[in-house]
Amino acid sequence: FIMNFKNFDFYRNIPKDLTETTSHGALLSICATIFMICLFLLELWAFLSPVISSDVIIDPSTEGLLRINFNITAMDVPCEFAAIDIVDVLGTRNENVTKNVNKWQVDANGVRQTYEGRNREQRELEHDTHHDLEVLKANGIHAINLDANTFSDYITSNRYVFVNFFAPWCIWCQRLEPVWEAFAERVEADQIPINVVKVDCVANRELCMKYRIQAFPMLKLFREGKPFSDYRSDRTVESFTEFVRSTISQDEQMAKLSADARELELKQKEADNTEHPGCMMSGFLLVNRVPGNFHIQSRSKNHNLNPSMANLSHIVNHLSFGPILSKQAIKELERIPSGYFSMEKTHAVDNYAFQQDEYHRTFHHYIKVVSTTLSTNVNNEPVLAYQMLHSAQVMQYGEEDVPEARFSYDISPMAVLVQAKGKRFYEFLTSICALLGGTFTVVGLFNGVLSVIFKSKKI
């Protein structure tokens with residue numbers, strides 16, 4: 001049985017007496033060994049280093065909503081008027097979205113200042129409705145009309161002046177007019193040391209632009225010819241009276257302080273009243289996965305916006321689509337060659353300023369969003385990212401229209417699949433056997449040829 005079993009031996013040994021060593025055979029053996037070691041190392045490196053490949057497929061996502069992450073600074077829109085709307089082709093329209101939105105006041109240089117809050121909606125102000133303007137005017141007009149020629153002298157010659165900047169066409173100004181006249185009568189009757197006046201911004205456009213009147217009505221308190229405080233509370237006679245009494249009382253208490261303390265208080269008051277013309281909005285929106293847009297514009301529940309002062313110059317600090325990527329995921333994605341994927345394309349508009357010095361003009365943005373699934377590590381879950389292509393152009397608005405900074409997006413139906421493809425272990429073993437066996441065979445044939453040549457010379 002043992003003798004029969006040995007007949008299956010494919011690797012039968014040749015007696016040493018029948019073999020012959022040669023110098024050229026030794027040289028070829030050394031070269032073959034070095035060559036096979038190099039091939040083995042190269043094949044091992046290829047096995048351990050997967051090849052990156054990309055394919056274009058139909059977007060497999062079944063999610064109904066897409067997340068938009070943003071941080072945008074509107075340089076000339078106060079936070080009280082800054083609003084974000086969402087519109088899409090399905091007919092969805094969400095106005096003044098506040099959920100998951102934070103707001104900060106910014107100064108003229110775009111530096112973040114006071115935190116305005118999160119998920120904060122505009123409050124509807126209370127209005128007095130029981131005043132009859134004709135009856136009030138029967139006793140004379142107590143709220144004096146000022147114009148560009150008389151305004152400067154009047155506010156400098158009176159210590160406290162409370163001004164109503166209005167427009168005749170403004171519905172809120174029309175509702176306020178009898179209340180303002182009744183308030184002026186109350187001030188005069190109670191002998192409150194303040195002057196109540198009003199300015200028509202249609203007839204005195206340059207004057208209102210000087211004081212940055214962006215909405216009507218705008219109520220400002222002047223002290224010794226300088227803006228002292230803006231009024232933004234309820235529009236009732238009682239609220240107006242309480243405001244002016246409190247402001248004058250605080251100012252009188254400040255006058256009783258020592259010079260150093262008064263100077264400190266005045267600096268603090270000046271810092272609190274520093275003009276913060278802009279608003280930084282940060283957060284995220286959840287939108288339908290269909291073409292649409294979100295836009296930033298000025299809007300108020302209690303004012304009519306002044307179209308001649310609407311300027312939507314803005315800075316895109318950050319804009320991206322999809323879930324926030326972890327630091328580890330970002331680190332992995334940055335290793336992918338730029339020909340397959342670029343992290344910069346996931347936030348292609350970051351830190352770009354879109355400034356427009358002319359009124360009634362603003363930028364509209366057009367963004368093509370491409371879903372990208374990246375699977376570069378077999379040990380980790382695939383990472384979903386969204387690359388974008390961006391373009392922008394300036395749009396002209398009519399003189400009576402309030403411009404908006406619009407960000408239109410279109411989600412591509414095709415998706416990019418980037419994945420690492422490596423050899424399986426059995427493929428690696430097969431390649432090693434082929435390379436080593438092939439090298440051994442070829443060198444053996446070459447050695448046989450050399451042996452024949454050298455033997456023929458000896459003969």
# chains A, B, ... in the order shown; residues from 1 in each chain; ligands from 1
call {"tool": "closest_atom_pairs", "arguments": {"of": "range 48-79 of chain A", "to": "range 107-130 of chain A", "cutoff": "8 Å", "atoms": "only C-alpha atoms", "output": "JSON lines"}}
result
{"residue": "A:Thr73", "atom": "CA", "partner": "A:Gly110", "partner_atom": "CA", "distance": 7.5}
{"residue": "A:Met75", "atom": "CA", "partner": "A:Gly110", "partner_atom": "CA", "distance": 6.6}
{"residue": "A:Cys79", "atom": "CA", "partner": "A:Glu116", "partner_atom": "CA", "distance": 7.3}
call {"tool": "residues_around", "arguments": {"residues": "range 359-376 of chain A", "least_positions_apart": "3", "cutoff": "7 Å", "atoms": "only C-alpha atoms", "output": "VMD selection string"}}
result
chain A and resid 308 to 313 354 356 382 to 399 403 to 412 415 to 420
call {"tool": "write_last_selection", "arguments": {"atoms": "N, CA and C atoms", "output": "short mmCIF file (atom, residue, chain, number, x, y, z; two decimals), in the first residue's frame"}}
result
data_model
loop_
_atom_site.label_atom_id
_atom_site.label_comp_id
_atom_site.auth_asym_id
_atom_site.auth_seq_id
_atom_site.Cartn_x
_atom_site.Cartn_y
_atom_site.Cartn_z
N SER A 308 -36.40 101.67 0.03
CA SER A 308 -35.25 102.48 -0.38
C SER A 308 -34.04 102.26 0.51
N MET A 309 -34.22 101.59 1.67
CA MET A 309 -33.11 101.36 2.59
C MET A 309 -32.77 99.88 2.72
N ALA A 310 -33.37 99.03 1.92
CA ALA A 310 -33.14 97.59 2.03
C ALA A 310 -31.85 97.22 1.30
N ASN A 311 -30.89 96.72 2.03
CA ASN A 311 -29.61 96.29 1.46
C ASN A 311 -29.30 94.90 1.98
N LEU A 312 -29.25 93.93 1.09
CA LEU A 312 -29.04 92.54 1.49
C LEU A 312 -27.61 92.06 1.24
N SER A 313 -26.63 92.94 1.37
CA SER A 313 -25.24 92.48 1.30
C SER A 313 -25.01 91.47 2.42
N PHE A 354 -20.61 88.78 -0.39
CA PHE A 354 -21.40 89.19 -1.55
C PHE A 354 -21.98 90.57 -1.22
N GLN A 356 -23.13 94.49 -2.14
CA GLN A 356 -23.74 95.30 -3.18
C GLN A 356 -23.98 96.70 -2.61
N PRO A 382 -20.15 53.40 5.59
CA PRO A 382 -20.02 54.41 4.53
C PRO A 382 -20.40 55.80 5.04
N VAL A 383 -19.74 56.81 4.51
CA VAL A 383 -19.98 58.20 4.90
C VAL A 383 -20.76 58.89 3.79
N LEU A 384 -21.84 59.59 4.16
CA LEU A 384 -22.64 60.33 3.20
C LEU A 384 -22.28 61.81 3.27
N ALA A 385 -21.87 62.36 2.15
CA ALA A 385 -21.54 63.78 2.06
C ALA A 385 -22.19 64.36 0.81
N TYR A 386 -22.29 65.68 0.77
CA TYR A 386 -22.92 66.35 -0.37
C TYR A 386 -21.95 67.39 -0.91
N GLN A 387 -21.55 67.19 -2.17
CA GLN A 387 -20.73 68.17 -2.86
C GLN A 387 -21.64 69.15 -3.60
N MET A 388 -21.12 70.34 -3.85
CA MET A 388 -21.95 71.36 -4.49
C MET A 388 -21.17 72.12 -5.56
N LEU A 389 -21.92 72.57 -6.56
CA LEU A 389 -21.42 73.50 -7.57
C LEU A 389 -22.20 74.79 -7.41
N HIS A 390 -21.49 75.91 -7.29
CA HIS A 390 -22.14 77.18 -6.94
C HIS A 390 -21.88 78.25 -8.00
N SER A 391 -22.90 79.04 -8.25
CA SER A 391 -22.76 80.25 -9.07
C SER A 391 -23.69 81.31 -8.50
N ALA A 392 -23.39 82.57 -8.78
CA ALA A 392 -24.20 83.67 -8.24
C ALA A 392 -24.24 84.81 -9.24
N GLN A 393 -25.33 85.55 -9.20
CA GLN A 393 -25.45 86.72 -10.06
C GLN A 393 -26.28 87.78 -9.36
N VAL A 394 -26.09 89.03 -9.78
CA VAL A 394 -26.79 90.16 -9.17
C VAL A 394 -28.15 90.33 -9.84
N MET A 395 -29.20 90.46 -9.02
CA MET A 395 -30.55 90.66 -9.53
C MET A 395 -31.02 92.06 -9.20
N GLN A 396 -31.76 92.66 -10.14
CA GLN A 396 -32.30 94.00 -9.97
C GLN A 396 -33.75 93.92 -9.52
N TYR A 397 -34.11 94.71 -8.50
CA TYR A 397 -35.48 94.77 -7.98
C TYR A 397 -36.10 96.13 -8.29
N GLY A 398 -37.42 96.14 -8.30
CA GLY A 398 -38.13 97.40 -8.48
C GLY A 398 -38.00 98.29 -7.25
N GLU A 399 -38.28 99.58 -7.41
CA GLU A 399 -38.11 100.53 -6.32
C GLU A 399 -39.06 100.27 -5.17
N PRO A 403 -35.74 93.63 -1.59
CA PRO A 403 -34.91 92.55 -2.13
C PRO A 403 -34.69 91.43 -1.12
N GLU A 404 -34.25 90.29 -1.62
CA GLU A 404 -33.99 89.13 -0.78
C GLU A 404 -32.71 88.43 -1.27
N ALA A 405 -31.92 87.92 -0.34
CA ALA A 405 -30.75 87.11 -0.68
C ALA A 405 -31.22 85.67 -0.82
N ARG A 406 -31.29 85.20 -2.06
CA ARG A 406 -31.90 83.90 -2.34
C ARG A 406 -30.84 82.84 -2.61
N PHE A 407 -31.04 81.66 -2.02
CA PHE A 407 -30.16 80.51 -2.23
C PHE A 407 -31.00 79.39 -2.82
N SER A 408 -30.95 79.26 -4.15
CA SER A 408 -31.71 78.22 -4.84
C SER A 408 -30.85 76.95 -4.95
N TYR A 409 -31.44 75.81 -4.64
CA TYR A 409 -30.71 74.55 -4.67
C TYR A 409 -31.47 73.54 -5.52
N ASP A 410 -30.72 72.68 -6.17
CA ASP A 410 -31.30 71.62 -7.00
C ASP A 410 -30.52 70.34 -6.71
N ILE A 411 -31.21 69.31 -6.25
CA ILE A 411 -30.56 68.06 -5.86
C ILE A 411 -30.50 67.13 -7.06
N SER A 412 -29.31 66.73 -7.42
CA SER A 412 -29.13 65.86 -8.59
C SER A 412 -29.75 64.49 -8.34
N ALA A 415 -26.07 60.10 -8.13
CA ALA A 415 -25.18 60.14 -6.98
C ALA A 415 -23.83 59.55 -7.36
N VAL A 416 -22.82 59.93 -6.62
CA VAL A 416 -21.46 59.43 -6.84
C VAL A 416 -21.14 58.43 -5.73
N LEU A 417 -20.63 57.29 -6.13
CA LEU A 417 -20.23 56.25 -5.18
C LEU A 417 -18.71 56.11 -5.26
N VAL A 418 -18.04 56.47 -4.20
CA VAL A 418 -16.59 56.36 -4.11
C VAL A 418 -16.27 55.26 -3.11
N GLN A 419 -15.52 54.27 -3.56
CA GLN A 419 -15.23 53.16 -2.66
C GLN A 419 -13.83 52.61 -2.92
N ALA A 420 -13.32 51.97 -1.89
CA ALA A 420 -11.99 51.35 -1.98
C ALA A 420 -12.16 49.88 -2.35
#
call {"tool": "select_by_dssp", "arguments": {"residues": "range 25-265 of chain A", "states": "helix (DSSP H, G or I)", "output": "PyMOL selection string"}}
result
chain A and resi 25-48+133-137+151-157+171-190+205-210+237-255+259-265
call {"tool": "residues_around", "arguments": {"residues": "range 26-43 of chain A", "least_positions_apart": "5", "cutoff": "10 Å", "atoms": "only C-alpha atoms", "output": "PyMOL selection string"}}
result
chain A and resi 21+48-49+428-429+431-433+435-440+442-444+446-447
call {"tool": "residues_around", "arguments": {"residues": "Asp230 in chain A", "least_positions_apart": "4", "cutoff": "10 Å", "atoms": "only C-alpha atoms", "output": "list in words"}}
result
Phe162, Val163, Met218, Leu219, Lys220, Leu221, Phe222 and Asn273 of chain A
call {"tool": "write_last_selection", "arguments": {"atoms": "all heavy atoms", "output": "PDB file, in the first residue's frame"}}
result
ATOM      1  N   PHE A 162     -38.904 113.050  21.232  1.00  0.00           N
ATOM      2  CA  PHE A 162     -39.364 111.711  20.836  1.00  0.00           C
ATOM      3  C   PHE A 162     -39.946 111.823  19.434  1.00  0.00           C
ATOM      4  O   PHE A 162     -40.936 112.545  19.215  1.00  0.00           O
ATOM      5  CB  PHE A 162     -40.418 111.226  21.823  1.00  0.00           C
ATOM      6  CG  PHE A 162     -40.566 109.730  21.875  1.00  0.00           C
ATOM      7  CD1 PHE A 162     -39.722 108.879  21.184  1.00  0.00           C
ATOM      8  CD2 PHE A 162     -41.588 109.152  22.635  1.00  0.00           C
ATOM      9  CE1 PHE A 162     -39.859 107.504  21.249  1.00  0.00           C
ATOM     10  CE2 PHE A 162     -41.749 107.779  22.708  1.00  0.00           C
ATOM     11  CZ  PHE A 162     -40.869 106.961  22.015  1.00  0.00           C
ATOM     12  N   VAL A 163     -39.332 111.110  18.455  1.00  0.00           N
ATOM     13  CA  VAL A 163     -39.652 111.308  17.042  1.00  0.00           C
ATOM     14  C   VAL A 163     -40.305 110.063  16.469  1.00  0.00           C
ATOM     15  O   VAL A 163     -39.824 108.941  16.680  1.00  0.00           O
ATOM     16  CB  VAL A 163     -38.383 111.656  16.229  1.00  0.00           C
ATOM     17  CG1 VAL A 163     -38.750 111.993  14.781  1.00  0.00           C
ATOM     18  CG2 VAL A 163     -37.613 112.806  16.872  1.00  0.00           C
ATOM     19  N   MET A 218     -40.799 104.119  12.792  1.00  0.00           N
ATOM     20  CA  MET A 218     -39.604 103.955  13.613  1.00  0.00           C
ATOM     21  C   MET A 218     -39.602 105.078  14.647  1.00  0.00           C
ATOM     22  O   MET A 218     -39.627 106.257  14.291  1.00  0.00           O
ATOM     23  CB  MET A 218     -38.346 104.017  12.753  1.00  0.00           C
ATOM     24  CG  MET A 218     -37.053 103.779  13.522  1.00  0.00           C
ATOM     25  SD  MET A 218     -36.961 102.117  14.239  1.00  0.00           S
ATOM     26  CE  MET A 218     -36.759 101.135  12.758  1.00  0.00           C
ATOM     27  N   LEU A 219     -39.584 104.691  15.916  1.00  0.00           N
ATOM     28  CA  LEU A 219     -39.684 105.649  17.016  1.00  0.00           C
ATOM     29  C   LEU A 219     -38.323 105.778  17.683  1.00  0.00           C
ATOM     30  O   LEU A 219     -37.781 104.795  18.206  1.00  0.00           O
ATOM     31  CB  LEU A 219     -40.735 105.181  18.031  1.00  0.00           C
ATOM     32  CG  LEU A 219     -42.110 104.833  17.440  1.00  0.00           C
ATOM     33  CD1 LEU A 219     -43.052 104.346  18.523  1.00  0.00           C
ATOM     34  CD2 LEU A 219     -42.704 106.031  16.713  1.00  0.00           C
ATOM     35  N   LYS A 220     -37.785 106.997  17.682  1.00  0.00           N
ATOM     36  CA  LYS A 220     -36.465 107.255  18.243  1.00  0.00           C
ATOM     37  C   LYS A 220     -36.528 108.395  19.256  1.00  0.00           C
ATOM     38  O   LYS A 220     -37.181 109.422  19.005  1.00  0.00           O
ATOM     39  CB  LYS A 220     -35.459 107.629  17.138  1.00  0.00           C
ATOM     40  CG  LYS A 220     -34.979 106.471  16.288  1.00  0.00           C
ATOM     41  CD  LYS A 220     -33.962 106.938  15.262  1.00  0.00           C
ATOM     42  CE  LYS A 220     -33.344 105.774  14.511  1.00  0.00           C
ATOM     43  NZ  LYS A 220     -32.433 104.988  15.351  1.00  0.00           N
ATOM     44  N   LEU A 221     -35.826 108.202  20.370  1.00  0.00           N
ATOM     45  CA  LEU A 221     -35.710 109.236  21.384  1.00  0.00           C
ATOM     46  C   LEU A 221     -34.345 109.897  21.239  1.00  0.00           C
ATOM     47  O   LEU A 221     -33.315 109.219  21.246  1.00  0.00           O
ATOM     48  CB  LEU A 221     -35.858 108.632  22.779  1.00  0.00           C
ATOM     49  CG  LEU A 221     -35.687 109.598  23.961  1.00  0.00           C
ATOM     50  CD1 LEU A 221     -36.751 110.686  23.922  1.00  0.00           C
ATOM     51  CD2 LEU A 221     -35.746 108.846  25.279  1.00  0.00           C
ATOM     52  N   PHE A 222     -34.360 111.238  21.091  1.00  0.00           N
ATOM     53  CA  PHE A 222     -33.127 112.007  20.966  1.00  0.00           C
ATOM     54  C   PHE A 222     -32.874 112.759  22.276  1.00  0.00           C
ATOM     55  O   PHE A 222     -33.801 113.274  22.909  1.00  0.00           O
ATOM     56  CB  PHE A 222     -33.226 113.012  19.811  1.00  0.00           C
ATOM     57  CG  PHE A 222     -33.175 112.380  18.452  1.00  0.00           C
ATOM     58  CD1 PHE A 222     -34.303 111.761  17.914  1.00  0.00           C
ATOM     59  CD2 PHE A 222     -32.018 112.395  17.687  1.00  0.00           C
ATOM     60  CE1 PHE A 222     -34.267 111.178  16.657  1.00  0.00           C
ATOM     61  CE2 PHE A 222     -31.974 111.811  16.438  1.00  0.00           C
ATOM     62  CZ  PHE A 222     -33.103 111.202  15.922  1.00  0.00           C
ATOM     63  N   ASN A 273     -26.216 101.343  23.354  1.00  0.00           N
ATOM     64  CA  ASN A 273     -26.982 101.963  22.273  1.00  0.00           C
ATOM     65  C   ASN A 273     -26.211 102.018  20.958  1.00  0.00           C
ATOM     66  O   ASN A 273     -26.662 102.635  20.008  1.00  0.00           O
ATOM     67  CB  ASN A 273     -27.400 103.389  22.672  1.00  0.00           C
ATOM     68  CG  ASN A 273     -28.403 103.397  23.813  1.00  0.00           C
ATOM     69  OD1 ASN A 273     -29.186 102.462  23.955  1.00  0.00           O
ATOM     70  ND2 ASN A 273     -28.373 104.432  24.636  1.00  0.00           N
TER      71      ASN A 273
END
call {"tool": "select_by_dssp", "arguments": {"residues": "range 79-277 of chain A", "states": "strand (DSSP E or B)", "output": "PyMOL selection string"}}
result
chain A and resi 82-88+93-94+101-106+112-118+127+144-146+160-166+195-200+215-216+218-223+226-231+235
call {"tool": "closest_residue", "arguments": {"among": "A:Thr98, A:Asn302, A:Ser157, A:Asn293", "to": "Ile68 in chain A", "atoms": "only C-alpha atoms"}}
result
A:Asn293
call {"tool": "closest_residue", "arguments": {"among": "A:Val196, A:Ala182, A:Ala74, A:Val87", "to": "Asn317 in chain A", "atoms": "only C-alpha atoms"}}
result
A:Ala74
call {"tool": "atom_distance", "arguments": {"atom1": "CA of Asn100 in chain A", "atom2": "CA of Phe70 in chain A"}}
result
10.8 Å
